[in-house]
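One structure below.
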Amino acid sequence: MVDVFVSKQLGLVLIITAQMIFIGQGHEQVNGFIGSSITLQFTFNVNITNTRIGVYFVEKHTKINDNVDCSSCFDIYPHNSTVFYHITNLTKQNKVYYASLLRSELVIDSNKVRLIVQEETKSTTGSACEPPSSPLCFRRNSSETIYKCEWNQTGNQADVTYDLHFNFAIDLKNNFKETSIDILAEQLITERITESWVEVHTGNSSCRSPRRSAVLGQTVKFDPPNNITVTWIQNSLILKWSAAEKFPALAEIWFRNEDHTETWDKAITNATLSGASTYQAIIRNLLKNSFYQVQIRHQCKQVKEPLWSNWSQVVIVPAELEHKPNVRWKEQLLDGKRKVILSWESVPKAASVRGIRFTLNDTQSSRGCPCKKKIHTTNSTHYTMYVSNSAVNISVIATNAAGSSPLASVQLPAVQMKDLKVCNKTLLGEKLEKSMCLEWYELDEDSVPTNGSFQSRKREKARINETVQDHIRYLYFEQRCHKGKPQTVKTCFFYKEEGAPNKEPQDFRAFGEMHTSVNLSWKAIPLKNQRGVLTHYNLCWVKSNSQDVPPECRNISASETKHRLDKLTPGTKYSISLTGVTRVGKGPEATVTVNTKPEKPVNVWLSFGLLIIFFLVSIMCTFVFKRIKNKLFPPVPRPFIPNFTSHQPETPVTAEHKEEVHDLMLQQLHPESRTVCEETEEVTVLGGQWDDRSGEDMKNDNSDSGGSDEESLSADTLKTTSEREGTDLEQMDSELAILIYRNGLVFDVKTDSS
């Protein structure tokens with residue numbers, strides 16, 4: 001430490017010497033004030049290394065002190081044989097001092113210095129002067145070589161000038177109007193306690209500030225923290241600001257959240273270095289969903305008497321953006337481009353107290369294909385952008401003063417083109433127009449574009465030859481920038497070099513064998529194994545026992561994965577093969593062996609049995625149908641009205657015939673309980689029986705004319721009975737005019753009685 005201050009004190013020697021008053025030979029005079037501190041300088045003409053040094057009064061050679069008993073009172077610089085002795089709290093005295101080298105063989109004295117101590121007066125003339133505050137002198141960091149001294153002046157005094165004084169001689173340019181001044185370290189004594197004060201001159205008045213004592217070399221005051229940034233990590237808040245020096249510091253942080261605006265919470269913590277020029281401090285156990293107000297001041301840790309810096313401005317810390325934006329989008333196809341409308345929900349109020357910004361980026365704009373690079377920003381919750389027909393990823397991120405949200409990504413696949421054709425020509429490796437670029441993607445097994453590449457403007461044949469491989473299918477886009485918006489002008493697929501397939505159709509199998517046909521199915525050849533544009537499949541079949549017969553073949557569309565093979569011979573074994581064909585040639589074959597079903601005679605008995613079953617079922621159905629019909633539509637009954645006519649003999653001859661009549665009694669009962677319908681039915685039956693009997697008797701009468709008298713009597717009796725029955729019938733006919741109810745039907749029967 002001594003070597004560090006040697007050069008500084010050399011300058012002081014000259015300055016102090018210039019201010020000293022020489023009184024007589026070898027005597028120098030130094031003025032001081034009661035209660036202040038002062039430093040005396042002594043020089044020797046010999047080397048003073050490793051020597052005990054004492055300070056004496058000239059009067060009676062009284063010893064005051066030495067560097068052994070009070071090492072802090074001395075500063076020794078052997079290289080120029082100079083000793084500084086520090087005196088504090090001066091009393092009123094006028095004495096002469098000198099220093100001596102206390103060697104055993106020889107005592108060597110230094111020069112002599114007279115110290116005159118006076119009383120200090122604050123005001124010299126007038127009474128209108130307002131004294132300022134004590135000056136505060138410090139460095140802005142521990143490695144600074146310039147000290148700043150500053151003080152405060154109260155009142156509004158006009159034409160005020162200031163003089164800054166120290167308790168040792170110093171050549172300063174006084175009579176300045178500012179309340180601060182910068183002083184080089186070489187002009188000051190920095191490793192001992194020094195006193196400083198300010199003298200104010202205004203008009204005819206002057207006054208002095210109170211004195212301030214300090215070791216200037218141990219006094220450092222940082223500038224207020226600036227460029228403060230804040231970041232949330234879980235429930236901890238990370239504060240960063242510009243470092244005052246390349247060493248850690250001490251930080252005092254005041255903070256309060258949105259719910260406590262009257263009181264401040266305080267935390268003193270170490271400020272570590274984050275990088276070469278940034279301090280970092282962490283406040284833990286906070287509420288990340290609330291916003292805070294924060295103030296910071298910091299202090300140097302490299303000196304013994306550091307000063308706190310002034311407070312920073314109040315910093316508002318918004319809440320953490322914990323979740324990524326919930327992005328929704330709509331896609332609209334236009335002429336060779338897509339209009340994408342993105343929207344998302346607004347963030348909580350606590351997270352947007354200092355404003356919120358959304359940044360959008362897409363993979364097309366980020367690489368300048370085909371339009372210039374552009375980053376999209378907005379403060380709104382929706383945004384519209386235009387992209388080409390090729391695949392694109394759009395990212396959205398929200399940012400506030402405390403950090404950024406997680407990244408939200410929207411993946412838009414390439415527009416699916418119907419009937420995608422083979423490119424007849426590409427511009428790969430060619431020099432492109434300024435507003436054009438090319439994109440191509442390797443297609444995987446599911447025809448999804450992967451491993452994309454692009455070319456813009458310059459010829460890049462070497463790179464393209466390295467990235468584009470033979471026998472690989474690529475999806476190709478030609479794009480241009482039209483009126484500031486990307487547009488796709490051509491889409492197709494291509495092979496750099498084609499070849500024949502190196503793999504057979506997959507899962508080739510036969511099923512559903514019939515007598516003359518069989519069904520075939522397979523899976524397409526994997527895209528990477530097609531090695532070219534598949535034009536068709538070649539299907540061939542041949543009987544297994546026909547060695548000299550060439551196989552029959554037919555071509556099947558490359559888009560088919562099943563086929564029905566017919567016109568085969570029943571009960572025959574066939575060998576069937578299938579191969580894929582490109583413009584270069586055929587690939588490996590997939591084979592399968594099938595057996596068609598043999599022919600079988602028709603079973604006559606089975607057919608006959610089925611016919612009988614059909615006949616029986618038909619009869620049963622007919623019977624059931626009639627029963628259902630009779631239930632639903634019962635037949636309408638037709639009432640039978642007998643037509644009774646009297647049987648009179650047509651000729652008188654008939655009566656002369658003899659008939660054999662047995663004993664016969666005819667009685668007709670008419671119970672009162674019988675209904676008209678029952679009587680009608682009885683009469684009908686009796687009339688029918690009588691008619692039948694009468695007809696037979698009449699024939700007998702006609703055939704036998706020689707009947708007996710008994711027969712004539714019987715005829716008369718029958719006539720009488722017929723007449724009586726006719727009377728009864730007339731009565732019955734009149735009763736039949738009433739309603740007859742039968743089988744649930746009502747009929748209005750009218751009879752003709754005439």
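Residues in the structure tokens are numbered from 1 in each chain, the chains being A, B, ... in the order shown, and ligands are numbered from 1 in the order shown.
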Subject >> Nearby residues (only C-alpha atoms) at most 9 Å from range 499-503 of chain A, same-chain spacing under 3 positions excluded, as a list in words >> reply: Asp470, His471, Gln506, Ile525, Pro526, Lys528, Asn529, Gln530, Arg531, Gly532, Val533, Leu534, Thr579, Gly580, Val581, Thr582, Arg583, Val584, Gly585, Lys586, Gly587, Pro588 and Glu589 of chain A
**OP:** Would you list the contacts of Asp159 in chain A as number ranges by chain, taking every protein, DNA or RNA residue within 9 Å and counting only C-alpha atoms, but skipping same-chain residues closer than 2 positions in sequence?
**Re:** A: 157, 161, 177, 201-203
For the residues in the current selection, export C-alpha atoms as a PDB file, in the first residue's frame.
ATOM      1  CA  GLN A 157     -28.566  33.896  -2.492  1.00  0.00           C
ATOM      2  CA  THR A 161     -19.010  32.071  -4.808  1.00  0.00           C
ATOM      3  CA  LYS A 177     -20.073  29.134  -8.374  1.00  0.00           C
ATOM      4  CA  HIS A 201     -18.784  34.713  -0.323  1.00  0.00           C
ATOM      5  CA  THR A 202     -21.877  36.700  -1.154  1.00  0.00           C
ATOM      6  CA  GLY A 203     -21.600  40.431  -1.571  1.00  0.00           C
TER       7      GLY A 203
END
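Distance check against Ala244 in chain A using only C-alpha atoms: of A:Thr278, A:Ser456, A:Ser435, A:Asn50, the minimum falls on A:Thr278.
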**OP:** Please report, as a list in words, each residue of range 510-545 of chain A to which DSSP assigns alpha helix (DSSP H) when run on this structure's backbone.
**Re:** Leu527, Lys528, Asn529 and Gln530 of chain A
**OP:** Identify, on the basis of only C-alpha atoms, every residue whose closest approach to range 399-411 of chain A does not exceed 9 Å; exclude the query and any residue fewer than 2 positions from it along the same chain; express the result as a ChimeraX atom specification.
**Re:** /A:229-232,237,316-329,351-359,391-397,413
Export, as a short mmCIF file (atom, residue, chain, number, x, y, z; two decimals), in the first residue's frame, the selected residues with N, CA and C atoms.
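To be explicit, this is the file written out as selection.cif:
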data_model
loop_
_atom_site.label_atom_id
_atom_site.label_comp_id
_atom_site.auth_asym_id
_atom_site.auth_seq_id
_atom_site.Cartn_x
_atom_site.Cartn_y
_atom_site.Cartn_z
N THR A 229 -33.26 -3.44 -14.91
CA THR A 229 -34.15 -4.40 -15.57
C THR A 229 -34.60 -5.42 -14.53
N VAL A 230 -35.79 -5.95 -14.75
CA VAL A 230 -36.38 -6.90 -13.79
C VAL A 230 -36.84 -8.15 -14.54
N THR A 231 -36.73 -9.28 -13.86
CA THR A 231 -37.13 -10.57 -14.44
C THR A 231 -37.68 -11.45 -13.34
N TRP A 232 -38.79 -12.13 -13.65
CA TRP A 232 -39.38 -13.08 -12.71
C TRP A 232 -38.83 -14.48 -12.98
N LEU A 237 -37.74 -12.30 -7.73
CA LEU A 237 -37.55 -11.20 -8.66
C LEU A 237 -36.06 -10.91 -8.80
N ILE A 316 -41.46 0.33 -11.67
CA ILE A 316 -42.67 -0.48 -11.58
C ILE A 316 -42.39 -1.83 -12.22
N VAL A 317 -42.62 -2.88 -11.45
CA VAL A 317 -42.37 -4.24 -11.92
C VAL A 317 -43.71 -4.92 -12.19
N PRO A 318 -44.06 -5.20 -13.45
CA PRO A 318 -45.33 -5.88 -13.73
C PRO A 318 -45.29 -7.34 -13.33
N ALA A 319 -46.46 -7.95 -13.26
CA ALA A 319 -46.56 -9.37 -12.92
C ALA A 319 -45.95 -10.22 -14.03
N GLU A 320 -45.65 -11.45 -13.68
CA GLU A 320 -45.01 -12.36 -14.64
C GLU A 320 -46.00 -12.80 -15.71
N LEU A 321 -45.54 -12.91 -16.92
CA LEU A 321 -46.32 -13.50 -18.02
C LEU A 321 -46.10 -15.01 -17.95
N GLU A 322 -46.93 -15.65 -17.18
CA GLU A 322 -46.70 -17.06 -16.86
C GLU A 322 -47.10 -17.99 -17.98
N HIS A 323 -48.14 -17.64 -18.73
CA HIS A 323 -48.68 -18.54 -19.74
C HIS A 323 -48.42 -17.97 -21.15
N LYS A 324 -48.28 -18.88 -22.08
CA LYS A 324 -48.10 -18.45 -23.46
C LYS A 324 -49.44 -17.98 -24.04
N PRO A 325 -49.40 -17.09 -25.01
CA PRO A 325 -50.66 -16.62 -25.60
C PRO A 325 -51.45 -17.78 -26.20
N ASN A 326 -52.76 -17.75 -25.96
CA ASN A 326 -53.66 -18.77 -26.52
C ASN A 326 -54.08 -18.30 -27.92
N VAL A 327 -53.35 -18.74 -28.91
CA VAL A 327 -53.49 -18.21 -30.27
C VAL A 327 -54.53 -19.00 -31.04
N ARG A 328 -55.43 -18.29 -31.68
CA ARG A 328 -56.39 -18.87 -32.62
C ARG A 328 -56.14 -18.23 -33.98
N TRP A 329 -56.48 -18.95 -35.03
CA TRP A 329 -56.22 -18.39 -36.35
C TRP A 329 -57.26 -18.88 -37.35
N ALA A 351 -50.10 -7.66 -15.30
CA ALA A 351 -48.96 -7.93 -16.18
C ALA A 351 -48.78 -6.86 -17.25
N SER A 352 -49.73 -5.95 -17.37
CA SER A 352 -49.65 -4.95 -18.43
C SER A 352 -49.63 -3.52 -17.89
N VAL A 353 -49.20 -3.34 -16.63
CA VAL A 353 -49.22 -2.00 -16.04
C VAL A 353 -48.24 -1.06 -16.75
N ARG A 354 -47.19 -1.59 -17.29
CA ARG A 354 -46.23 -0.75 -18.03
C ARG A 354 -46.31 -0.99 -19.54
N GLY A 355 -47.42 -1.59 -19.95
CA GLY A 355 -47.61 -1.85 -21.37
C GLY A 355 -47.23 -3.28 -21.72
N ILE A 356 -47.80 -3.73 -22.80
CA ILE A 356 -47.56 -5.09 -23.29
C ILE A 356 -47.33 -5.02 -24.79
N ARG A 357 -46.47 -5.89 -25.26
CA ARG A 357 -46.16 -5.92 -26.69
C ARG A 357 -46.11 -7.37 -27.13
N PHE A 358 -46.71 -7.64 -28.29
CA PHE A 358 -46.71 -8.98 -28.87
C PHE A 358 -45.80 -8.97 -30.11
N THR A 359 -44.93 -9.94 -30.16
CA THR A 359 -43.99 -10.06 -31.28
C THR A 359 -44.31 -11.33 -32.05
N ALA A 391 -45.14 -24.64 -46.38
CA ALA A 391 -45.28 -24.80 -44.94
C ALA A 391 -44.61 -23.63 -44.22
N VAL A 392 -45.23 -23.19 -43.13
CA VAL A 392 -44.70 -22.05 -42.38
C VAL A 392 -45.05 -22.22 -40.91
N ASN A 393 -44.13 -21.81 -40.05
CA ASN A 393 -44.35 -21.77 -38.60
C ASN A 393 -44.43 -20.31 -38.16
N ILE A 394 -45.47 -19.99 -37.40
CA ILE A 394 -45.67 -18.63 -36.89
C ILE A 394 -45.56 -18.69 -35.37
N SER A 395 -44.72 -17.85 -34.81
CA SER A 395 -44.55 -17.80 -33.35
C SER A 395 -45.08 -16.48 -32.82
N VAL A 396 -45.68 -16.54 -31.64
CA VAL A 396 -46.22 -15.36 -30.97
C VAL A 396 -45.70 -15.36 -29.54
N ILE A 397 -45.16 -14.22 -29.10
CA ILE A 397 -44.64 -14.11 -27.75
C ILE A 397 -45.05 -12.75 -27.19
N PRO A 413 -49.33 -26.25 -42.32
CA PRO A 413 -48.73 -27.13 -43.33
C PRO A 413 -48.89 -26.53 -44.72
#
Please extract the residues of range 267-420 of chain A with a backbone DSSP assignment of strand (DSSP E or B) and present them as a JSON list (two decimals) with C-alpha atoms, in the first residue's frame.
[["chain", "number", "residue", "atom", "x", "y", "z"],
["A", 267, "ALA", "CA", -33.99, -5.95, 1.97],
["A", 268, "ILE", "CA", -30.20, -5.62, 2.11],
["A", 269, "THR", "CA", -28.42, -8.14, -0.06],
["A", 270, "ASN", "CA", -25.22, -8.70, -1.97],
["A", 271, "ALA", "CA", -25.15, -7.47, -5.54],
["A", 272, "THR", "CA", -23.14, -9.95, -7.57],
["A", 273, "LEU", "CA", -21.63, -9.38, -10.96],
["A", 278, "THR", "CA", -23.94, -5.58, -14.55],
["A", 279, "TYR", "CA", -24.97, -5.97, -10.93],
["A", 280, "GLN", "CA", -27.60, -8.54, -10.01],
["A", 281, "ALA", "CA", -29.66, -8.95, -6.83],
["A", 282, "ILE", "CA", -32.53, -11.33, -6.03],
["A", 283, "ILE", "CA", -35.62, -10.72, -3.87],
["A", 292, "TYR", "CA", -44.45, -4.12, -7.46],
["A", 293, "GLN", "CA", -42.69, -0.80, -7.00],
["A", 294, "VAL", "CA", -38.93, -1.04, -6.42],
["A", 295, "GLN", "CA", -36.15, 1.39, -5.42],
["A", 296, "ILE", "CA", -32.43, 0.55, -5.19],
["A", 297, "ARG", "CA", -29.27, 2.08, -3.78],
["A", 298, "HIS", "CA", -25.88, 0.41, -3.61],
["A", 299, "GLN", "CA", -22.61, 0.69, -1.73],
["A", 300, "CYS", "CA", -18.97, -0.19, -2.36],
["A", 307, "LEU", "CA", -21.21, 5.84, 1.38],
["A", 315, "VAL", "CA", -39.29, 1.16, -10.95],
["A", 316, "ILE", "CA", -42.67, -0.48, -11.58],
["A", 317, "VAL", "CA", -42.37, -4.24, -11.92],
["A", 328, "ARG", "CA", -56.39, -18.87, -32.62],
["A", 329, "TRP", "CA", -56.22, -18.39, -36.35],
["A", 330, "LYS", "CA", -58.26, -18.39, -39.51],
["A", 331, "GLU", "CA", -56.80, -19.19, -42.89],
["A", 332, "GLN", "CA", -58.11, -17.85, -46.18],
["A", 333, "LEU", "CA", -56.75, -19.02, -49.54],
["A", 337, "LYS", "CA", -51.00, -16.95, -50.97],
["A", 338, "ARG", "CA", -52.80, -17.29, -47.68],
["A", 339, "LYS", "CA", -54.31, -14.61, -45.47],
["A", 340, "VAL", "CA", -53.82, -15.65, -41.85],
["A", 341, "ILE", "CA", -55.83, -13.84, -39.17],
["A", 342, "LEU", "CA", -54.37, -14.47, -35.71],
["A", 343, "SER", "CA", -56.03, -13.56, -32.42],
["A", 357, "ARG", "CA", -46.16, -5.92, -26.69],
["A", 358, "PHE", "CA", -46.71, -8.98, -28.87],
["A", 359, "THR", "CA", -43.99, -10.06, -31.28],
["A", 360, "LEU", "CA", -44.81, -12.31, -34.23],
["A", 361, "ASN", "CA", -42.31, -14.07, -36.41],
["A", 362, "ASP", "CA", -42.70, -16.54, -39.26],
["A", 376, "HIS", "CA", -44.15, -8.12, -36.74],
["A", 377, "THR", "CA", -45.07, -6.33, -33.51],
["A", 378, "THR", "CA", -48.39, -5.13, -32.16],
["A", 382, "HIS", "CA", -55.13, -9.63, -33.15],
["A", 383, "TYR", "CA", -52.94, -9.43, -36.22],
["A", 384, "THR", "CA", -53.21, -10.26, -39.92],
["A", 385, "MET", "CA", -50.29, -11.51, -41.99],
["A", 386, "TYR", "CA", -49.79, -13.06, -45.42],
["A", 387, "VAL", "CA", -47.79, -16.20, -46.15],
["A", 388, "SER", "CA", -47.19, -18.33, -49.23],
["A", 392, "VAL", "CA", -44.70, -22.05, -42.38],
["A", 393, "ASN", "CA", -44.35, -21.77, -38.60],
["A", 394, "ILE", "CA", -45.67, -18.63, -36.89],
["A", 395, "SER", "CA", -44.55, -17.80, -33.35],
["A", 396, "VAL", "CA", -46.22, -15.36, -30.97],
["A", 397, "ILE", "CA", -44.64, -14.11, -27.75],
["A", 398, "ALA", "CA", -45.86, -11.50, -25.25],
["A", 399, "THR", "CA", -43.34, -9.15, -23.61],
["A", 400, "ASN", "CA", -43.59, -6.71, -20.72],
["A", 403, "GLY", "CA", -39.82, -10.49, -19.18],
["A", 404, "SER", "CA", -41.48, -12.54, -21.86],
["A", 408, "ALA", "CA", -46.75, -19.93, -28.70],
["A", 409, "SER", "CA", -46.27, -21.61, -32.07],
["A", 410, "VAL", "CA", -48.71, -22.09, -34.94],
["A", 411, "GLN", "CA", -47.76, -24.63, -37.62],
["A", 412, "LEU", "CA", -49.41, -24.19, -40.99]]
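Shortest separation to Leu520 in chain A among A:Phe494, A:Ala590, A:His536, A:Pro370 occurs at residue A:Ala590, atoms counted being only C-alpha atoms.
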Subject >> Contact residues around Leu287 in chain A with only C-alpha atoms at 6 Å, ignoring same-chain residues under 2 positions, as a PyMOL selection string >> reply: chain A and resi 235+289-290
Original post:
What does the distance between CA of His563 in chain A and CA of Leu443 in chain A come to in Å, to one decimal place?
Top reply: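 According to the coordinates, CA of His563 in chain A and CA of Leu443 in chain A are separated by 27.5 Å.
The protein and nucleic acid residues lying at most 12 Å from Leu90 in chain A are A:Asn31, A:Gly32, A:Phe33, A:Ile34, A:Gly35, A:Ser36, A:Ser37, A:Ile38, A:Thr39, A:His86, A:Asn94, A:Lys95, A:Leu115, A:Ile116, A:Val117, A:Gln118, A:Glu119, A:Glu120, A:Asn167, A:Glu195, with only C-alpha atoms considered and sequence neighbours fewer than 4 positions away removed.
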**OP:** Please provide the set of residues having any atom within 9 Å of Phe166 in chain A, restricted to only C-alpha atoms, with same-chain residues fewer than 4 positions apart removed, written as a ChimeraX atom specification.
**Re:** /A:38,170,188,194-198
Grab the residues selected above and save them as a PDB file, in the first residue's frame with N, CA and C atoms.
ATOM      1  N   ILE A  38      -4.279  18.378  11.139  1.00  0.00           N
ATOM      2  CA  ILE A  38      -3.272  18.911  10.237  1.00  0.00           C
ATOM      3  C   ILE A  38      -2.179  17.883  10.058  1.00  0.00           C
ATOM      4  N   ILE A 170      -3.070  23.144  -0.354  1.00  0.00           N
ATOM      5  CA  ILE A 170      -3.484  22.592  -1.628  1.00  0.00           C
ATOM      6  C   ILE A 170      -3.733  23.729  -2.599  1.00  0.00           C
ATOM      7  N   LEU A 188      -4.455  15.536  -3.120  1.00  0.00           N
ATOM      8  CA  LEU A 188      -5.038  15.297  -1.810  1.00  0.00           C
ATOM      9  C   LEU A 188      -4.209  14.293  -1.027  1.00  0.00           C
ATOM     10  N   THR A 194      -8.413  13.739   7.010  1.00  0.00           N
ATOM     11  CA  THR A 194      -8.289  15.135   6.601  1.00  0.00           C
ATOM     12  C   THR A 194      -9.594  15.845   6.891  1.00  0.00           C
ATOM     13  N   GLU A 195      -9.461  17.163   7.041  1.00  0.00           N
ATOM     14  CA  GLU A 195     -10.632  17.984   7.270  1.00  0.00           C
ATOM     15  C   GLU A 195     -10.838  18.893   6.077  1.00  0.00           C
ATOM     16  N   SER A 196     -12.105  19.148   5.811  1.00  0.00           N
ATOM     17  CA  SER A 196     -12.441  20.031   4.696  1.00  0.00           C
ATOM     18  C   SER A 196     -13.617  20.902   5.097  1.00  0.00           C
ATOM     19  N   TRP A 197     -13.683  22.068   4.516  1.00  0.00           N
ATOM     20  CA  TRP A 197     -14.795  22.986   4.752  1.00  0.00           C
ATOM     21  C   TRP A 197     -14.938  23.895   3.545  1.00  0.00           C
ATOM     22  N   VAL A 198     -16.060  24.560   3.475  1.00  0.00           N
ATOM     23  CA  VAL A 198     -16.370  25.454   2.360  1.00  0.00           C
ATOM     24  C   VAL A 198     -16.578  26.853   2.916  1.00  0.00           C
TER      25      VAL A 198
END
